[in-house]
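This is start14.pdb (PDB, C-alpha atoms, pLDDT in the B column).
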```pdb
ATOM      1  CA  MET A  21      -3.079  20.750  14.028  1.00 52.00           C
ATOM      2  CA  GLY A  22      -1.863  22.622  10.944  1.00 56.00           C
ATOM      3  CA  GLN A  23      -1.708  19.496   8.765  1.00 61.00           C
ATOM      4  CA  THR A  24      -3.462  18.938   5.464  1.00 60.00           C
ATOM      5  CA  ALA A  25      -6.232  16.355   5.621  1.00 62.00           C
ATOM      6  CA  VAL A  26      -5.461  13.015   4.011  1.00 62.00           C
ATOM      7  CA  PHE A  27      -8.270  11.397   2.050  1.00 57.00           C
ATOM      8  CA  PRO A  28      -7.607   7.719   1.287  1.00 61.00           C
ATOM      9  CA  ALA A  29      -8.117   6.355  -2.214  1.00 57.00           C
ATOM     10  CA  PHE A  30     -10.872   3.807  -2.756  1.00 52.00           C
ATOM     11  CA  HIS A  31     -10.931   1.229  -5.538  1.00 56.00           C
ATOM     12  CA  ALA A  32     -14.222   0.058  -7.023  1.00 56.00           C
ATOM     13  CA  ASP A  33     -15.877  -0.555 -10.409  1.00 67.00           C
ATOM     14  CA  SER A  34     -15.960   2.332 -12.891  1.00 75.00           C
ATOM     15  CA  LYS A  35     -19.293   3.725 -11.674  1.00 80.00           C
ATOM     16  CA  GLY A  36     -18.362   3.308  -8.023  1.00 82.00           C
ATOM     17  CA  ALA A  37     -14.928   4.812  -8.638  1.00 88.00           C
ATOM     18  CA  ALA A  38     -16.457   7.883 -10.267  1.00 89.00           C
ATOM     19  CA  VAL A  39     -18.772   8.421  -7.324  1.00 89.00           C
ATOM     20  CA  SER A  40     -15.916   7.913  -4.878  1.00 90.00           C
ATOM     21  CA  GLU A  41     -13.810  10.482  -6.724  1.00 92.00           C
ATOM     22  CA  GLU A  42     -16.667  12.978  -6.563  1.00 92.00           C
ATOM     23  CA  ILE A  43     -17.122  12.335  -2.848  1.00 91.00           C
ATOM     24  CA  THR A  44     -13.408  12.865  -2.214  1.00 92.00           C
ATOM     25  CA  LYS A  45     -13.488  16.062  -4.276  1.00 94.00           C
ATOM     26  CA  ILE A  46     -16.383  17.471  -2.262  1.00 92.00           C
ATOM     27  CA  GLU A  47     -14.777  16.415   1.029  1.00 91.00           C
ATOM     28  CA  LYS A  48     -11.638  18.342   0.091  1.00 95.00           C
ATOM     29  CA  GLN A  49     -13.719  21.360  -0.848  1.00 95.00           C
ATOM     30  CA  LEU A  50     -15.588  21.237   2.455  1.00 92.00           C
ATOM     31  CA  TYR A  51     -12.319  20.915   4.359  1.00 92.00           C
ATOM     32  CA  GLU A  52     -10.845  23.946   2.609  1.00 95.00           C
ATOM     33  CA  LEU A  53     -14.032  26.009   2.941  1.00 93.00           C
ATOM     34  CA  THR A  54     -14.230  25.217   6.642  1.00 91.00           C
ATOM     35  CA  ARG A  55     -10.632  26.349   7.077  1.00 94.00           C
ATOM     36  CA  GLN A  56     -11.418  29.593   5.248  1.00 95.00           C
ATOM     37  CA  LEU A  57     -14.597  30.042   7.290  1.00 93.00           C
ATOM     38  CA  ASN A  58     -12.720  29.789  10.575  1.00 92.00           C
ATOM     39  CA  GLU A  59     -10.071  32.241   9.381  1.00 94.00           C
ATOM     40  CA  LEU A  60     -12.810  34.767   8.592  1.00 94.00           C
ATOM     41  CA  ARG A  61     -14.384  34.166  11.993  1.00 93.00           C
ATOM     42  CA  GLN A  62     -11.050  34.733  13.695  1.00 92.00           C
ATOM     43  CA  ASN A  63     -10.637  38.108  12.011  1.00 92.00           C
ATOM     44  CA  LYS A  64     -14.247  39.238  12.438  1.00 92.00           C
ATOM     45  CA  SER A  65     -14.905  42.277  14.623  1.00 90.00           C
ATOM     46  CA  GLY A  66     -17.498  41.852  17.352  1.00 91.00           C
ATOM     47  CA  GLU A  67     -20.640  43.906  17.883  1.00 94.00           C
ATOM     48  CA  GLU A  68     -21.187  45.391  21.342  1.00 97.00           C
ATOM     49  CA  VAL A  69     -24.046  43.881  23.360  1.00 98.00           C
ATOM     50  CA  SER A  70     -25.775  44.557  26.663  1.00 98.00           C
ATOM     51  CA  ASN A  71     -24.839  42.971  29.964  1.00 98.00           C
ATOM     52  CA  TYR A  72     -27.888  40.710  30.166  1.00 98.00           C
ATOM     53  CA  THR A  73     -29.148  39.054  33.357  1.00 98.00           C
ATOM     54  CA  PHE A  74     -29.957  35.349  33.694  1.00 98.00           C
ATOM     55  CA  SER A  75     -31.510  33.189  36.408  1.00 98.00           C
ATOM     56  CA  THR A  76     -29.649  30.276  37.982  1.00 98.00           C
ATOM     57  CA  LEU A  77     -30.115  28.011  40.987  1.00 98.00           C
ATOM     58  CA  ASP A  78     -27.659  30.281  42.812  1.00 97.00           C
ATOM     59  CA  GLY A  79     -29.544  33.451  41.943  1.00 98.00           C
ATOM     60  CA  ASP A  80     -29.279  36.036  39.178  1.00 98.00           C
ATOM     61  CA  VAL A  81     -26.072  36.328  37.188  1.00 98.00           C
ATOM     62  CA  THR A  82     -25.020  38.747  34.464  1.00 98.00           C
ATOM     63  CA  LEU A  83     -23.467  37.936  31.122  1.00 98.00           C
ATOM     64  CA  LEU A  84     -20.282  39.638  32.247  1.00 98.00           C
ATOM     65  CA  GLU A  85     -20.132  37.461  35.366  1.00 98.00           C
ATOM     66  CA  LEU A  86     -20.430  34.314  33.237  1.00 98.00           C
ATOM     67  CA  PHE A  87     -17.012  35.122  31.746  1.00 98.00           C
ATOM     68  CA  GLY A  88     -15.314  34.589  35.101  1.00 97.00           C
ATOM     69  CA  GLU A  89     -11.642  35.464  34.575  1.00 96.00           C
ATOM     70  CA  SER A  90     -11.743  34.681  30.846  1.00 98.00           C
ATOM     71  CA  ASP A  91     -11.970  37.128  27.948  1.00 97.00           C
ATOM     72  CA  ARG A  92     -14.080  34.684  25.915  1.00 98.00           C
ATOM     73  CA  LEU A  93     -17.372  32.957  26.606  1.00 98.00           C
ATOM     74  CA  MET A  94     -19.355  30.357  24.651  1.00 98.00           C
ATOM     75  CA  VAL A  95     -23.131  30.372  25.135  1.00 98.00           C
ATOM     76  CA  ILE A  96     -25.107  27.439  23.763  1.00 98.00           C
ATOM     77  CA  HIS A  97     -28.712  28.312  22.898  1.00 98.00           C
ATOM     78  CA  ASN A  98     -30.882  25.335  23.796  1.00 98.00           C
ATOM     79  CA  MET A  99     -34.644  25.337  23.247  1.00 97.00           C
ATOM     80  CA  GLY A 100     -35.196  23.417  26.477  1.00 96.00           C
ATOM     81  CA  GLN A 101     -36.200  19.935  27.551  1.00 96.00           C
ATOM     82  CA  GLY A 102     -39.048  19.854  25.031  1.00 95.00           C
ATOM     83  CA  CYS A 103     -36.705  19.629  22.018  1.00 96.00           C
ATOM     84  CA  ARG A 104     -35.161  16.278  21.071  1.00 96.00           C
ATOM     85  CA  TYR A 105     -32.852  17.904  18.531  1.00 96.00           C
ATOM     86  CA  CYS A 106     -31.435  20.392  21.032  1.00 97.00           C
ATOM     87  CA  THR A 107     -30.910  17.469  23.393  1.00 97.00           C
ATOM     88  CA  LEU A 108     -28.978  15.627  20.671  1.00 97.00           C
ATOM     89  CA  TRP A 109     -26.639  18.585  20.158  1.00 97.00           C
ATOM     90  CA  ALA A 110     -26.062  19.043  23.881  1.00 98.00           C
ATOM     91  CA  ASP A 111     -25.423  15.313  24.347  1.00 97.00           C
ATOM     92  CA  GLY A 112     -22.608  15.625  21.814  1.00 96.00           C
ATOM     93  CA  PHE A 113     -21.103  18.806  23.256  1.00 97.00           C
ATOM     94  CA  ASN A 114     -21.151  17.298  26.739  1.00 97.00           C
ATOM     95  CA  GLY A 115     -18.568  14.725  25.674  1.00 95.00           C
ATOM     96  CA  PHE A 116     -15.919  17.276  24.790  1.00 95.00           C
ATOM     97  CA  LEU A 117     -16.945  19.959  27.278  1.00 98.00           C
ATOM     98  CA  PRO A 118     -13.638  19.678  29.217  1.00 97.00           C
ATOM     99  CA  HIS A 119     -11.727  20.444  26.011  1.00 98.00           C
ATOM    100  CA  LEU A 120     -13.816  23.548  25.331  1.00 98.00           C
ATOM    101  CA  GLU A 121     -13.527  24.673  28.940  1.00 98.00           C
ATOM    102  CA  SER A 122      -9.745  24.478  28.722  1.00 98.00           C
ATOM    103  CA  VAL A 123      -9.890  27.696  26.674  1.00 98.00           C
ATOM    104  CA  MET A 124     -13.141  29.422  27.752  1.00 98.00           C
ATOM    105  CA  PRO A 125     -16.220  29.039  29.941  1.00 98.00           C
ATOM    106  CA  VAL A 126     -19.221  27.330  28.344  1.00 98.00           C
ATOM    107  CA  VAL A 127     -22.792  28.010  29.467  1.00 98.00           C
ATOM    108  CA  LEU A 128     -25.961  26.353  28.207  1.00 98.00           C
ATOM    109  CA  VAL A 129     -28.991  28.639  28.304  1.00 98.00           C
ATOM    110  CA  SER A 130     -32.684  27.983  27.677  1.00 98.00           C
ATOM    111  CA  ARG A 131     -36.019  29.482  28.631  1.00 97.00           C
ATOM    112  CA  ASP A 132     -36.712  26.674  31.129  1.00 98.00           C
ATOM    113  CA  ALA A 133     -36.654  27.594  34.814  1.00 98.00           C
ATOM    114  CA  PRO A 134     -33.363  26.814  36.614  1.00 98.00           C
ATOM    115  CA  GLU A 135     -34.866  23.911  38.593  1.00 98.00           C
ATOM    116  CA  LEU A 136     -36.205  22.289  35.420  1.00 98.00           C
ATOM    117  CA  GLN A 137     -32.909  22.885  33.631  1.00 98.00           C
ATOM    118  CA  ARG A 138     -30.947  21.117  36.347  1.00 98.00           C
ATOM    119  CA  THR A 139     -33.358  18.184  36.637  1.00 98.00           C
ATOM    120  CA  PHE A 140     -33.219  17.561  32.902  1.00 98.00           C
ATOM    121  CA  ALA A 141     -29.448  18.081  32.728  1.00 98.00           C
ATOM    122  CA  ASN A 142     -28.953  15.526  35.483  1.00 98.00           C
ATOM    123  CA  SER A 143     -31.132  13.024  33.612  1.00 97.00           C
ATOM    124  CA  ARG A 144     -28.752  13.379  30.619  1.00 97.00           C
ATOM    125  CA  ASN A 145     -25.566  13.449  32.730  1.00 98.00           C
ATOM    126  CA  TRP A 146     -24.766  16.897  31.351  1.00 98.00           C
ATOM    127  CA  ARG A 147     -21.945  18.802  33.017  1.00 97.00           C
ATOM    128  CA  PHE A 148     -22.779  22.220  31.603  1.00 97.00           C
ATOM    129  CA  ARG A 149     -23.059  25.352  33.647  1.00 98.00           C
ATOM    130  CA  LEU A 150     -26.711  26.350  33.208  1.00 98.00           C
ATOM    131  CA  ALA A 151     -28.563  29.664  33.066  1.00 98.00           C
ATOM    132  CA  SER A 152     -32.123  30.599  32.158  1.00 98.00           C
ATOM    133  CA  HIS A 153     -33.002  33.570  29.943  1.00 97.00           C
ATOM    134  CA  GLY A 154     -36.693  32.902  30.562  1.00 96.00           C
ATOM    135  CA  GLY A 155     -37.584  33.692  26.954  1.00 95.00           C
ATOM    136  CA  GLY A 156     -36.937  37.385  27.570  1.00 94.00           C
ATOM    137  CA  LYS A 157     -34.706  40.165  26.317  1.00 95.00           C
ATOM    138  CA  TYR A 158     -31.527  38.110  25.909  1.00 97.00           C
ATOM    139  CA  ILE A 159     -32.922  35.560  23.467  1.00 96.00           C
ATOM    140  CA  GLU A 160     -34.988  38.187  21.659  1.00 94.00           C
ATOM    141  CA  GLU A 161     -31.917  40.303  20.950  1.00 95.00           C
ATOM    142  CA  GLN A 162     -29.240  37.603  20.758  1.00 96.00           C
ATOM    143  CA  THR A 163     -31.119  34.971  18.752  1.00 95.00           C
ATOM    144  CA  VAL A 164     -28.917  33.183  16.208  1.00 95.00           C
ATOM    145  CA  SER A 165     -31.658  33.343  13.574  1.00 91.00           C
ATOM    146  CA  GLU A 166     -33.279  36.583  12.495  1.00 83.00           C
ATOM    147  CA  GLY A 167     -36.919  36.506  13.513  1.00 79.00           C
ATOM    148  CA  GLY A 168     -36.472  33.366  15.611  1.00 74.00           C
ATOM    149  CA  LYS A 169     -36.938  33.951  19.313  1.00 80.00           C
ATOM    150  CA  ASN A 170     -35.885  30.520  20.554  1.00 89.00           C
ATOM    151  CA  THR A 171     -33.654  29.146  17.828  1.00 93.00           C
ATOM    152  CA  PRO A 172     -30.938  26.647  18.810  1.00 96.00           C
ATOM    153  CA  GLY A 173     -27.367  27.650  18.176  1.00 97.00           C
ATOM    154  CA  VAL A 174     -24.190  28.999  19.702  1.00 98.00           C
ATOM    155  CA  VAL A 175     -22.693  32.442  20.335  1.00 98.00           C
ATOM    156  CA  VAL A 176     -19.129  33.336  21.269  1.00 98.00           C
ATOM    157  CA  TYR A 177     -18.706  36.573  23.192  1.00 98.00           C
ATOM    158  CA  GLU A 178     -15.555  38.500  23.994  1.00 98.00           C
ATOM    159  CA  ARG A 179     -14.995  41.142  26.611  1.00 97.00           C
ATOM    160  CA  ASP A 180     -12.621  44.029  27.121  1.00 96.00           C
ATOM    161  CA  GLY A 181     -13.073  45.192  30.681  1.00 96.00           C
ATOM    162  CA  SER A 182     -16.822  45.714  31.052  1.00 96.00           C
ATOM    163  CA  ARG A 183     -17.409  45.956  27.286  1.00 98.00           C
ATOM    164  CA  ILE A 184     -18.949  42.796  25.778  1.00 98.00           C
ATOM    165  CA  THR A 185     -18.976  42.036  22.055  1.00 98.00           C
ATOM    166  CA  ARG A 186     -20.635  39.268  20.085  1.00 98.00           C
ATOM    167  CA  LYS A 187     -17.775  37.724  18.118  1.00 97.00           C
ATOM    168  CA  ASN A 188     -19.480  34.917  16.179  1.00 97.00           C
ATOM    169  CA  ALA A 189     -22.763  33.035  16.129  1.00 96.00           C
ATOM    170  CA  ALA A 190     -24.237  30.040  14.324  1.00 96.00           C
ATOM    171  CA  GLU A 191     -27.584  28.301  14.124  1.00 96.00           C
ATOM    172  CA  PHE A 192     -27.947  24.573  14.739  1.00 96.00           C
ATOM    173  CA  GLY A 193     -29.839  22.304  12.361  1.00 94.00           C
ATOM    174  CA  PRO A 194     -29.748  18.800  10.845  1.00 94.00           C
ATOM    175  CA  GLY A 195     -26.617  18.293   8.742  1.00 92.00           C
ATOM    176  CA  ASP A 196     -24.703  21.246  10.214  1.00 94.00           C
ATOM    177  CA  LEU A 197     -21.051  21.440  11.249  1.00 92.00           C
ATOM    178  CA  TYR A 198     -21.783  21.193  14.966  1.00 95.00           C
ATOM    179  CA  CYS A 199     -23.289  17.731  15.402  1.00 95.00           C
ATOM    180  CA  SER A 200     -20.986  15.012  14.080  1.00 93.00           C
ATOM    181  CA  ILE A 201     -23.675  12.333  14.106  1.00 94.00           C
ATOM    182  CA  TRP A 202     -25.218  13.705  10.902  1.00 94.00           C
ATOM    183  CA  ASN A 203     -22.078  12.980   8.897  1.00 93.00           C
ATOM    184  CA  LEU A 204     -21.762   9.521  10.417  1.00 94.00           C
ATOM    185  CA  LEU A 205     -25.411   8.756   9.685  1.00 95.00           C
ATOM    186  CA  GLY A 206     -24.985  10.193   6.197  1.00 94.00           C
ATOM    187  CA  MET A 207     -22.287   7.640   5.433  1.00 93.00           C
ATOM    188  CA  ALA A 208     -24.894   4.958   6.106  1.00 95.00           C
ATOM    189  CA  GLY A 209     -27.608   6.652   4.056  1.00 94.00           C
ATOM    190  CA  PHE A 210     -29.569   8.297   6.867  1.00 95.00           C
ATOM    191  CA  ASN A 211     -30.573  11.941   7.282  1.00 93.00           C
ATOM    192  CA  ASP A 212     -33.260  14.012   8.972  1.00 92.00           C
ATOM    193  CA  ALA A 213     -35.817  12.674   6.476  1.00 93.00           C
ATOM    194  CA  ASN A 214     -35.474   9.084   7.682  1.00 94.00           C
ATOM    195  CA  TRP A 215     -34.035   9.411  11.197  1.00 95.00           C
ATOM    196  CA  THR A 216     -35.227  11.428  14.178  1.00 94.00           C
ATOM    197  CA  PRO A 217     -33.431  11.648  17.534  1.00 95.00           C
ATOM    198  CA  GLN A 218     -35.212  10.290  20.598  1.00 94.00           C
ATOM    199  CA  TYR A 219     -34.686  10.851  24.290  1.00 94.00           C
ATOM    200  CA  ASN A 220     -33.913   7.146  24.633  1.00 93.00           C
ATOM    201  CA  TYR A 221     -33.997   4.085  22.392  1.00 91.00           C
ATOM    202  CA  TRP A 222     -35.238   1.426  24.744  1.00 84.00           C
ATOM    203  CA  SER A 223     -37.947  -0.825  23.271  1.00 84.00           C
ATOM    204  CA  ARG A 224     -40.292  -2.707  25.557  1.00 82.00           C
ATOM    205  CA  PRO A 225     -39.922  -6.496  25.212  1.00 84.00           C
ATOM    206  CA  LYS A 226     -43.035  -8.237  23.902  1.00 83.00           C
ATOM    207  CA  LYS A 227     -42.947 -10.485  26.954  1.00 85.00           C
ATOM    208  CA  MET A 228     -41.992  -9.244  30.422  1.00 83.00           C
ATOM    209  CA  ASP A 229     -40.443 -11.940  32.613  1.00 88.00           C
ATOM    210  CA  ASP A 230     -41.521 -10.050  35.738  1.00 88.00           C
ATOM    211  CA  GLY A 231     -45.147  -9.869  34.618  1.00 81.00           C
ATOM    212  CA  GLY A 232     -45.011  -6.226  33.561  1.00 79.00           C
ATOM    213  CA  ALA A 233     -47.155  -4.757  36.337  1.00 83.00           C
ATOM    214  CA  ASN A 234     -46.878  -0.962  36.738  1.00 82.00           C
ATOM    215  CA  LEU A 235     -44.418  -0.750  33.845  1.00 79.00           C
ATOM    216  CA  MET A 236     -43.655   2.799  32.707  1.00 75.00           C
ATOM    217  CA  ASP A 237     -42.293   3.684  29.247  1.00 66.00           C
TER     218      ASP A 237
END
```
Kindly return the structure encoded in the file as structure tokens.
Amino acid sequence: MGQTAVFPAFHADSKGAAVSEEITKIEKQLYELTRQLNELRQNKSGEEVSNYTFSTLDGDVTLLELFGESDRLMVIHNMGQGCRYCTLWADGFNGFLPHLESVMPVVLVSRDAPELQRTFANSRNWRFRLASHGGGKYIEEQTVSEGGKNTPGVVVYERDGSRITRKNAAEFGPGDLYCSIWNLLGMAGFNDANWTPQYNYWSRPKKMDDGGANLMD
């Protein structure tokens, strides 16, 4: 919003105050570095890419077609239903998907078949447009991590007529800028060494009032 971040002062004993000052210092540095990072991204020239083909429930679709009428497109690289971490990231993005889609289309891609993608997305209440690269040429050439064929991340493409360029890309991982839960957990002393995302957090009661017959986890 063009405003400088405000970091509130915190009063504690001398040791606690010193730590708090260091935390505030680093937070300011991260804020400024992130601003600089996004300025560099904005001015970065894109690299031309192929017009790849994906599979969907409605048939094959090209990368160019995924743009619709927009000149920008965000493609989220998801490893598929077998990855709890990718599911965590997508759960978070799903919440502000309408905000992203106010400026560009967003498509979540994975190597899973379209039917499996949709079944899993429905189980998570995801609203993403889905497409499958099938583990083929797209993910091999457009991976967000050199040497990684199915690495989670995000790519923003731009187009000029039928010419498509890869504007920016980033890899996802614990503690990154793209999943806010890591910073919230970090405030409480948790990180990927002592917390792992799960598909659900329901724990079976020790005693089932209905007897527990045919109970599934």
A:Val81, A:Val174, A:Val39, A:Val123: which is nearest Leu150 of chain A, counting only C-alpha atoms?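 The answer is A:Val81, which sits nearest to Leu150 of chain A.
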How many Å separate atom CA of Leu83 of chain A from atom CA of Ile184 of chain A?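 Distance between the two atoms: 8.5 Å.
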With all atoms listed in the file as the counted atoms, please give the residues lying no more than 9 Å from segment 104-121 of chain A, apart from itself and same-chain residues fewer than 5 positions off, as a list in words. Met94, Ile96, His97, Asn98, Met99, Val126, Leu128, Arg144, Asn145, Trp146, Arg147, Phe148, Pro172, Gly173, Phe192, Gly193, Pro194, Tyr198, Cys199, Ser200, Ile201, Thr216, Pro217, Gln218 and Tyr219 of chain A
Explicit residues for the PyMOL selection byres ((chain A and resi 138) around 10) (as a PDB file with C-alpha atoms, in the coordinates of the input):
```pdb
ATOM      1  CA  THR A  76     -29.649  30.276  37.982  1.00 98.00           C
ATOM      2  CA  LEU A  77     -30.115  28.011  40.987  1.00 98.00           C
ATOM      3  CA  ASP A 132     -36.712  26.674  31.129  1.00 98.00           C
ATOM      4  CA  ALA A 133     -36.654  27.594  34.814  1.00 98.00           C
ATOM      5  CA  PRO A 134     -33.363  26.814  36.614  1.00 98.00           C
ATOM      6  CA  GLU A 135     -34.866  23.911  38.593  1.00 98.00           C
ATOM      7  CA  LEU A 136     -36.205  22.289  35.420  1.00 98.00           C
ATOM      8  CA  GLN A 137     -32.909  22.885  33.631  1.00 98.00           C
ATOM      9  CA  THR A 139     -33.358  18.184  36.637  1.00 98.00           C
ATOM     10  CA  PHE A 140     -33.219  17.561  32.902  1.00 98.00           C
ATOM     11  CA  ALA A 141     -29.448  18.081  32.728  1.00 98.00           C
ATOM     12  CA  ASN A 142     -28.953  15.526  35.483  1.00 98.00           C
ATOM     13  CA  SER A 143     -31.132  13.024  33.612  1.00 97.00           C
ATOM     14  CA  ARG A 144     -28.752  13.379  30.619  1.00 97.00           C
ATOM     15  CA  TRP A 146     -24.766  16.897  31.351  1.00 98.00           C
ATOM     16  CA  ARG A 147     -21.945  18.802  33.017  1.00 97.00           C
ATOM     17  CA  PHE A 148     -22.779  22.220  31.603  1.00 97.00           C
ATOM     18  CA  ARG A 149     -23.059  25.352  33.647  1.00 98.00           C
ATOM     19  CA  LEU A 150     -26.711  26.350  33.208  1.00 98.00           C
ATOM     20  CA  ALA A 151     -28.563  29.664  33.066  1.00 98.00           C
TER      21      ALA A 151
END
```
Please write as a PyMOL selection string the list of polymer residues whose atoms come within 8 Å of (-24.5, 37.7, 18.0), counting only C-alpha atoms and keeping to the coordinates of the file. chain A and resi 67+162-164+175-177+186-189
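Taking only C-alpha atoms into account, Leu93 of chain A lies nearest to A:Ser122 out of the set A:Ser165, A:Asn214, A:Thr44, A:Ser122.
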Rounded to one decimal, what separation in Å do you get between atom CA of Pro125 of chain A and atom CA of Gly102 of chain A?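 Rounded to one decimal, the two atoms are 25.1 Å apart.
If you look at atom CA of Ala190 of chain A and atom CA of Tyr221 of chain A, they are 28.9 Å away from each other.
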Skipping near chain neighbours, those fewer than 5 positions away, what residues fall within 9 Å of Gly154 of chain A using all atoms listed in the file, listed as a ChimeraX atom specification? /A:74-75,130-133,159
For the selection just defined, write its residues with C-alpha atoms to a file, as a short mmCIF file (atom, residue, chain, number, x, y, z; two decimals), in the coordinates of the input.
```cif
data_model
loop_
_atom_site.label_atom_id
_atom_site.label_comp_id
_atom_site.auth_asym_id
_atom_site.auth_seq_id
_atom_site.Cartn_x
_atom_site.Cartn_y
_atom_site.Cartn_z
CA PHE A 74 -29.96 35.35 33.69
CA SER A 75 -31.51 33.19 36.41
CA SER A 130 -32.68 27.98 27.68
CA ARG A 131 -36.02 29.48 28.63
CA ASP A 132 -36.71 26.67 31.13
CA ALA A 133 -36.65 27.59 34.81
CA ILE A 159 -32.92 35.56 23.47
#
```
Nearest candidate to Leu57 of chain A (options A:Ala208, A:Ala213, A:Val129, A:Leu197; using all atoms listed in the file):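 Among the listed residues, the smallest separation from Leu57 of chain A belongs to A:Leu197.
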Any chance you could build segment 210-232 of chain A out to N, CA and C atoms and write it as a compact mmCIF listing (two decimals), keeping the file's coordinate frame?
```txt
# COMPACT_ATOMS: atom_id res chain seq x y z
N PHE A 210 -28.50 7.73 6.04
CA PHE A 210 -29.57 8.30 6.87
C PHE A 210 -29.42 9.82 6.95
N ASN A 211 -30.56 10.50 7.07
CA ASN A 211 -30.57 11.94 7.28
C ASN A 211 -31.83 12.31 8.05
N ASP A 212 -32.11 13.61 8.16
CA ASP A 212 -33.26 14.01 8.97
C ASP A 212 -34.59 13.63 8.36
N ALA A 213 -34.58 13.14 7.10
CA ALA A 213 -35.82 12.67 6.48
C ALA A 213 -36.18 11.25 6.90
N ASN A 214 -35.18 10.47 7.31
CA ASN A 214 -35.47 9.08 7.68
C ASN A 214 -34.92 8.69 9.04
N TRP A 215 -34.48 9.69 9.83
CA TRP A 215 -34.03 9.41 11.20
C TRP A 215 -34.33 10.62 12.06
N THR A 216 -34.90 10.37 13.23
CA THR A 216 -35.23 11.43 14.18
C THR A 216 -34.67 11.06 15.54
N PRO A 217 -33.97 11.98 16.21
CA PRO A 217 -33.43 11.65 17.53
C PRO A 217 -34.54 11.44 18.55
N GLN A 218 -34.27 10.58 19.51
CA GLN A 218 -35.21 10.29 20.60
C GLN A 218 -34.50 10.54 21.93
N TYR A 219 -35.29 10.67 22.97
CA TYR A 219 -34.69 10.85 24.29
C TYR A 219 -34.03 9.56 24.77
N ASN A 220 -34.56 8.43 24.38
CA ASN A 220 -33.91 7.15 24.63
C ASN A 220 -34.40 6.16 23.59
N TYR A 221 -33.72 5.04 23.47
CA TYR A 221 -34.00 4.08 22.39
C TYR A 221 -34.36 2.70 22.92
N TRP A 222 -34.83 2.69 24.15
CA TRP A 222 -35.24 1.43 24.74
C TRP A 222 -36.57 0.99 24.17
N SER A 223 -36.69 -0.28 23.77
CA SER A 223 -37.95 -0.82 23.27
C SER A 223 -38.46 -1.87 24.25
N ARG A 224 -39.71 -1.77 24.60
CA ARG A 224 -40.29 -2.71 25.56
C ARG A 224 -40.33 -4.12 24.97
N PRO A 225 -39.82 -5.12 25.69
CA PRO A 225 -39.92 -6.50 25.21
C PRO A 225 -41.39 -6.90 25.06
N LYS A 226 -41.66 -7.77 24.10
CA LYS A 226 -43.04 -8.24 23.90
C LYS A 226 -43.53 -9.03 25.11
N LYS A 227 -42.59 -9.71 25.78
CA LYS A 227 -42.95 -10.48 26.95
C LYS A 227 -42.07 -10.04 28.12
N MET A 228 -42.71 -9.68 29.23
CA MET A 228 -41.99 -9.24 30.42
C MET A 228 -41.87 -10.42 31.39
N ASP A 229 -40.65 -10.80 31.72
CA ASP A 229 -40.44 -11.94 32.61
C ASP A 229 -40.94 -11.67 34.03
N ASP A 230 -41.05 -10.37 34.39
CA ASP A 230 -41.52 -10.05 35.74
C ASP A 230 -43.04 -9.81 35.77
N GLY A 231 -43.70 -10.04 34.67
CA GLY A 231 -45.15 -9.87 34.62
C GLY A 231 -45.57 -8.54 34.04
N GLY A 232 -44.71 -7.51 34.17
CA GLY A 232 -45.01 -6.23 33.56
C GLY A 232 -45.92 -5.32 34.32
```
